[in-house]
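J.: Provided below: structure-v7.csv, containing CSV, C-alpha atoms.
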```csv
chain,number,residue,atom,x,y,z
A,1,MET,CA,76.8,91.8,206.5
A,2,PHE,CA,78.6,88.5,207.0
A,3,GLU,CA,80.1,89.1,210.5
A,4,THR,CA,78.0,86.7,212.6
A,5,LYS,CA,77.9,83.9,210.0
A,6,ILE,CA,81.6,83.9,209.4
A,7,ALA,CA,82.3,84.2,213.1
A,8,LYS,CA,80.3,81.1,213.8
A,9,ASP,CA,82.1,79.3,211.0
A,10,LEU,CA,85.5,80.2,212.2
A,11,LEU,CA,84.7,79.2,215.8
A,12,SER,CA,83.1,75.9,214.7
A,13,ILE,CA,86.4,74.6,213.1
A,14,GLN,CA,88.6,76.3,215.7
A,15,ALA,CA,90.1,78.6,213.0
A,16,VAL,CA,89.6,81.1,215.8
A,17,PHE,CA,90.3,79.6,219.2
A,18,LEU,CA,89.7,81.5,222.5
A,19,ARG,CA,91.6,80.5,225.6
A,20,PRO,CA,91.6,83.3,228.1
A,21,GLU,CA,92.6,81.1,231.1
A,22,THR,CA,95.8,79.8,229.4
A,23,PRO,CA,97.0,82.5,226.9
A,24,PHE,CA,98.8,81.8,223.7
A,25,ILE,CA,102.1,83.4,223.1
A,26,TRP,CA,102.5,85.2,219.7
A,27,ALA,CA,105.8,85.4,217.8
A,28,SER,CA,106.1,88.9,219.1
A,29,GLY,CA,106.0,87.7,222.6
A,30,ILE,CA,102.6,89.1,223.4
A,31,LYS,CA,100.4,86.9,225.5
A,32,SER,CA,97.0,86.5,223.8
A,33,PRO,CA,93.6,84.9,224.8
A,34,ILE,CA,92.9,84.3,221.1
A,35,TYR,CA,94.6,82.4,218.3
A,36,CYS,CA,93.6,82.6,214.7
A,37,ASP,CA,94.6,80.2,211.9
A,38,ASN,CA,92.4,80.8,208.9
A,39,ARG,CA,94.3,78.2,206.9
A,40,LEU,CA,92.0,75.7,208.6
A,41,THR,CA,89.2,77.1,206.4
A,42,LEU,CA,90.8,75.6,203.4
A,43,THR,CA,90.4,72.1,204.8
A,44,ALA,CA,86.7,72.6,205.8
A,45,PRO,CA,84.8,72.7,202.5
A,46,ALA,CA,81.5,74.1,203.8
A,47,VAL,CA,83.3,76.9,205.7
A,48,ARG,CA,85.6,77.5,202.8
A,49,THR,CA,82.6,78.0,200.5
A,50,ASP,CA,81.1,80.5,202.9
A,51,VAL,CA,84.4,82.4,203.1
A,52,GLU,CA,85.2,82.6,199.4
A,53,GLU,CA,81.6,83.5,198.4
A,54,ALA,CA,81.5,86.2,201.1
A,55,LEU,CA,84.9,87.6,199.9
A,56,ALA,CA,83.6,87.7,196.3
A,57,GLU,CA,80.4,89.4,197.3
A,58,THR,CA,82.2,91.9,199.5
A,59,ILE,CA,84.5,92.8,196.7
A,60,ARG,CA,81.6,93.2,194.2
A,61,ARG,CA,79.8,95.5,196.6
A,62,ASN,CA,82.7,97.6,197.8
A,63,TYR,CA,85.2,97.6,194.9
A,64,PRO,CA,83.1,97.2,191.7
A,65,GLU,CA,85.9,98.6,189.6
A,66,VAL,CA,88.4,95.9,190.5
A,67,GLU,CA,90.4,94.4,187.7
A,68,VAL,CA,92.9,92.1,189.5
A,69,LEU,CA,93.1,90.4,192.9
A,70,MET,CA,96.4,90.2,194.7
A,71,GLY,CA,97.0,87.8,197.6
A,72,THR,CA,99.4,88.3,200.4
A,73,SER,CA,102.1,85.8,200.9
A,74,THR,CA,101.4,83.1,202.0
A,75,ALA,CA,98.1,82.9,203.7
A,76,GLY,CA,96.2,85.2,201.3
A,77,ILE,CA,97.2,83.3,198.1
A,78,ALA,CA,94.7,80.5,198.2
A,79,HIS,CA,91.8,82.8,199.1
A,80,ALA,CA,92.8,85.2,196.4
A,81,ALA,CA,92.9,82.4,193.8
A,82,ILE,CA,89.6,80.9,194.8
A,83,THR,CA,87.8,84.2,194.9
A,84,ALA,CA,89.3,85.3,191.6
A,85,HIS,CA,88.0,82.1,190.1
A,86,LEU,CA,84.5,82.8,191.4
A,87,MET,CA,84.7,86.3,190.0
A,88,ASN,CA,86.4,85.4,186.7
A,89,LEU,CA,89.3,87.8,187.5
A,90,PRO,CA,93.0,87.7,187.0
A,91,MET,CA,95.0,86.9,190.2
A,92,GLY,CA,98.5,87.2,191.5
A,93,TYR,CA,100.3,87.5,194.7
A,94,VAL,CA,103.0,89.6,196.4
A,95,ARG,CA,106.1,87.9,197.9
A,96,SER,CA,107.4,89.1,201.3
A,97,GLY,CA,110.6,89.9,199.4
A,98,ALA,CA,112.0,89.8,195.8
A,99,LYS,CA,113.2,86.5,194.5
A,100,ASP,CA,117.0,86.1,194.5
A,101,HIS,CA,116.9,84.2,191.2
A,102,GLY,CA,115.3,84.3,187.8
A,103,ARG,CA,113.6,87.6,187.1
A,104,GLY,CA,113.8,88.7,190.7
A,105,ASN,CA,110.0,89.2,191.0
A,106,GLN,CA,108.3,90.3,194.1
A,107,ILE,CA,104.9,90.5,192.4
A,108,GLU,CA,103.9,87.2,190.8
A,109,GLY,CA,101.4,87.2,188.0
A,110,LYS,CA,100.8,89.8,185.3
A,111,LEU,CA,100.1,93.3,186.5
A,112,GLU,CA,99.8,96.3,184.2
A,113,LYS,CA,100.4,99.9,185.4
A,114,GLY,CA,97.2,101.6,186.3
A,115,GLN,CA,95.2,98.4,186.9
A,116,LYS,CA,92.8,98.5,189.8
A,117,VAL,CA,93.7,96.0,192.5
A,118,VAL,CA,92.1,94.6,195.6
A,119,VAL,CA,94.4,92.9,198.1
A,120,VAL,CA,93.2,89.7,199.7
A,121,GLU,CA,94.4,89.0,203.2
A,122,ASP,CA,93.4,86.3,205.7
A,123,LEU,CA,94.1,88.1,209.0
A,124,ILE,CA,94.9,91.7,210.1
A,125,SER,CA,96.3,92.5,213.5
A,126,THR,CA,98.8,95.4,213.4
A,127,ALA,CA,98.5,95.6,209.6
A,128,GLY,CA,102.3,95.9,209.0
A,129,SER,CA,102.6,93.1,206.4
A,130,VAL,CA,99.5,94.0,204.4
A,131,ILE,CA,100.6,97.6,204.1
A,132,GLU,CA,103.9,96.5,202.8
A,133,VAL,CA,102.0,94.6,200.1
A,134,VAL,CA,100.0,97.7,199.3
A,135,GLN,CA,103.1,99.8,199.0
A,136,VAL,CA,104.8,97.3,196.6
A,137,LEU,CA,101.8,97.3,194.4
A,138,ARG,CA,101.6,101.1,194.3
A,139,GLU,CA,105.3,101.3,193.5
A,140,ALA,CA,104.6,99.0,190.6
A,141,GLY,CA,102.0,101.4,189.3
A,142,ALA,CA,98.8,99.7,190.4
A,143,GLU,CA,95.8,101.6,191.8
A,144,VAL,CA,95.0,99.8,195.1
A,145,LEU,CA,91.3,100.2,195.7
A,146,GLY,CA,91.6,98.6,199.1
A,147,ILE,CA,91.9,95.3,201.1
A,148,VAL,CA,89.5,92.5,201.9
A,149,SER,CA,90.3,90.2,204.8
A,150,ILE,CA,88.6,87.3,206.5
A,151,TYR,CA,89.2,88.5,210.1
A,152,THR,CA,90.6,91.6,211.8
A,153,TYR,CA,91.4,92.2,215.5
A,154,GLY,CA,90.5,95.9,215.1
A,155,MET,CA,93.6,96.9,217.0
A,156,LYS,CA,94.4,100.6,217.3
A,157,LYS,CA,97.8,100.2,215.8
A,158,GLY,CA,96.5,98.5,212.8
A,159,LEU,CA,93.7,101.0,212.2
A,160,GLU,CA,96.2,103.9,212.6
A,161,ARG,CA,98.6,102.3,210.1
A,162,MET,CA,95.9,101.8,207.5
A,163,ALA,CA,94.7,105.3,207.9
A,164,GLN,CA,98.3,106.7,207.5
A,165,ALA,CA,98.7,104.5,204.3
A,166,ASN,CA,95.3,105.8,203.0
A,167,VAL,CA,94.0,102.3,202.4
A,168,LYS,CA,90.7,100.9,203.6
A,169,ASN,CA,90.1,97.3,204.8
A,170,ILE,CA,86.8,95.5,204.8
A,171,SER,CA,86.8,92.3,206.9
A,172,LEU,CA,84.2,89.5,206.8
A,173,THR,CA,84.3,89.3,210.6
A,174,ASN,CA,86.1,90.8,213.5
A,175,PHE,CA,87.3,90.4,217.1
A,176,ASP,CA,84.2,92.0,218.7
A,177,THR,CA,81.8,89.8,216.8
A,178,VAL,CA,83.7,86.6,217.4
A,179,VAL,CA,83.9,87.3,221.2
A,180,GLN,CA,80.1,88.1,221.4
A,181,VAL,CA,79.2,84.9,219.4
A,182,ALA,CA,81.7,82.8,221.5
A,183,ALA,CA,80.0,84.0,224.7
A,184,GLU,CA,76.5,83.4,223.3
A,185,GLU,CA,77.3,79.9,222.1
A,186,GLY,CA,79.3,78.8,225.2
A,187,TYR,CA,82.8,78.8,223.9
A,188,ILE,CA,83.7,81.2,226.7
A,189,LYS,CA,82.1,82.5,229.8
A,190,HIS,CA,80.1,85.8,229.6
A,191,GLU,CA,82.4,87.3,232.3
A,192,ASP,CA,85.4,86.8,230.0
A,193,VAL,CA,84.1,89.3,227.4
A,194,ALA,CA,85.3,92.4,229.2
A,195,ARG,CA,88.8,90.8,229.7
A,196,LEU,CA,89.0,90.0,226.0
A,197,PHE,CA,88.1,93.5,225.0
A,198,LYS,CA,90.7,94.8,227.4
A,199,PHE,CA,93.3,92.8,225.5
A,200,ARG,CA,92.1,94.1,222.2
A,201,ASP,CA,92.4,97.7,223.4
A,202,ASN,CA,96.0,97.2,224.5
A,203,PRO,CA,97.7,93.9,223.7
A,204,SER,CA,100.9,94.8,225.5
A,205,ASP,CA,99.0,95.4,228.8
A,206,GLU,CA,98.8,91.9,230.5
A,207,SER,CA,96.4,93.1,233.3
A,208,TRP,CA,93.5,91.3,231.5
A,209,ILE,CA,95.1,88.0,232.4
A,210,GLY,CA,94.3,88.4,236.1
A,211,ALA,CA,91.1,90.3,235.6
```
The structure in this file should be written as structure tokens.

T.:
Amino acid sequence: MFETKIAKDLLSIQAVFLRPETPFIWASGIKSPIYCDNRLTLTAPAVRTDVEEALAETIRRNYPEVEVLMGTSTAGIAHAAITAHLMNLPMGYVRSGAKDHGRGNQIEGKLEKGQKVVVVEDLISTAGSVIEVVQVLREAGAEVLGIVSIYTYGMKKGLERMAQANVKNISLTNFDTVVQVAAEEGYIKHEDVARLFKFRDNPSDESWIGA
């Protein structure tokens, strides 16, 4: 529903940046033709409005029973907070690990057992970190309805992990849409599209670089 509009927004502020000729290197060591930094949406008010309103509408449509939004630490926190404000819902977030002081919380904000939760994430690649958040919430007694995210790569590993964890994700936009829009609007050459999809299908295979 929002795929093309949000793709255009992210490209316009370089929150998604495509550079197939000189790849980025991810923390994992993988060479990538694409870099995504959705934190930039927070400093672009018009895009931020589009994103947060789209998140709110996506949650209303797909998870109408939601009672609490929980952001992922750290990138999902601001988006969860703004979206929760738009929806008049409680909000909290899940730390990457329990605090080593005070009450030792890993979940920040009030969460009652049995409450229906939607997790708000900014970006999903292999889905490892967001699934950890889902598991923490489930262990605390929450009913996790699903995840909403701004952008997903649609990588096989991420899709398999979410299926194994029995959790669905709905993203505002995705790798395929961003690549198509980027080609149409001149951010990349049309002949780069096949190379980019080759990367998406197997990020560890670097043959796309010389393709």

J.: Any idea what's packed within 9 Å of range 199-209 of chain A, counting only C-alpha atoms, ignoring anything in its chain fewer than 2 positions away? Could you give it as a short mmCIF file (atom, residue, chain, number, x, y, z; two decimals) with C-alpha atoms, in the frame of the given file?

T.:
```cif
data_model
loop_
_atom_site.label_atom_id
_atom_site.label_comp_id
_atom_site.auth_asym_id
_atom_site.auth_seq_id
_atom_site.Cartn_x
_atom_site.Cartn_y
_atom_site.Cartn_z
CA PRO A 20 91.60 83.30 228.10
CA GLU A 21 92.60 81.10 231.10
CA THR A 22 95.80 79.80 229.40
CA PRO A 23 97.00 82.50 226.90
CA ILE A 30 102.60 89.10 223.40
CA LYS A 31 100.40 86.90 225.50
CA SER A 32 97.00 86.50 223.80
CA PRO A 33 93.60 84.90 224.80
CA TYR A 153 91.40 92.20 215.50
CA GLY A 154 90.50 95.90 215.10
CA MET A 155 93.60 96.90 217.00
CA LYS A 156 94.40 100.60 217.30
CA PHE A 175 87.30 90.40 217.10
CA ASP A 176 84.20 92.00 218.70
CA ALA A 194 85.30 92.40 229.20
CA ARG A 195 88.80 90.80 229.70
CA LEU A 196 89.00 90.00 226.00
CA PHE A 197 88.10 93.50 225.00
CA ALA A 211 91.10 90.30 235.60
#
```

J.: By how many Å are CA of Ile82 in chain A and CA of Leu123 in chain A apart?

T.: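 Separating CA of Ile82 in chain A from CA of Leu123 in chain A is a distance of 16.5 Å.
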
J.: Mind giving me the straight-line distance from CA of Ala15 in chain A to CA of Lys157 in chain A in Å, one decimal?

T.: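 Going from CA of Ala15 in chain A over to CA of Lys157 in chain A, I get 23.1 Å.
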
J.: Do you have the CA of Leu42 in chain A-CA of Gly76 in chain A distance handy?

T.: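 Interatomic distance, CA of Leu42 in chain A to CA of Gly76 in chain A: 11.2 Å.
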
J.: Please list, as an MDAnalysis selection string, the residues that have an atom at most 8 Å away from (83.0, 88.5, 214.9) in the coordinates of this file, counting only C-alpha atoms.

T.: chainID A and resid 3:4 6:8 151 173:181
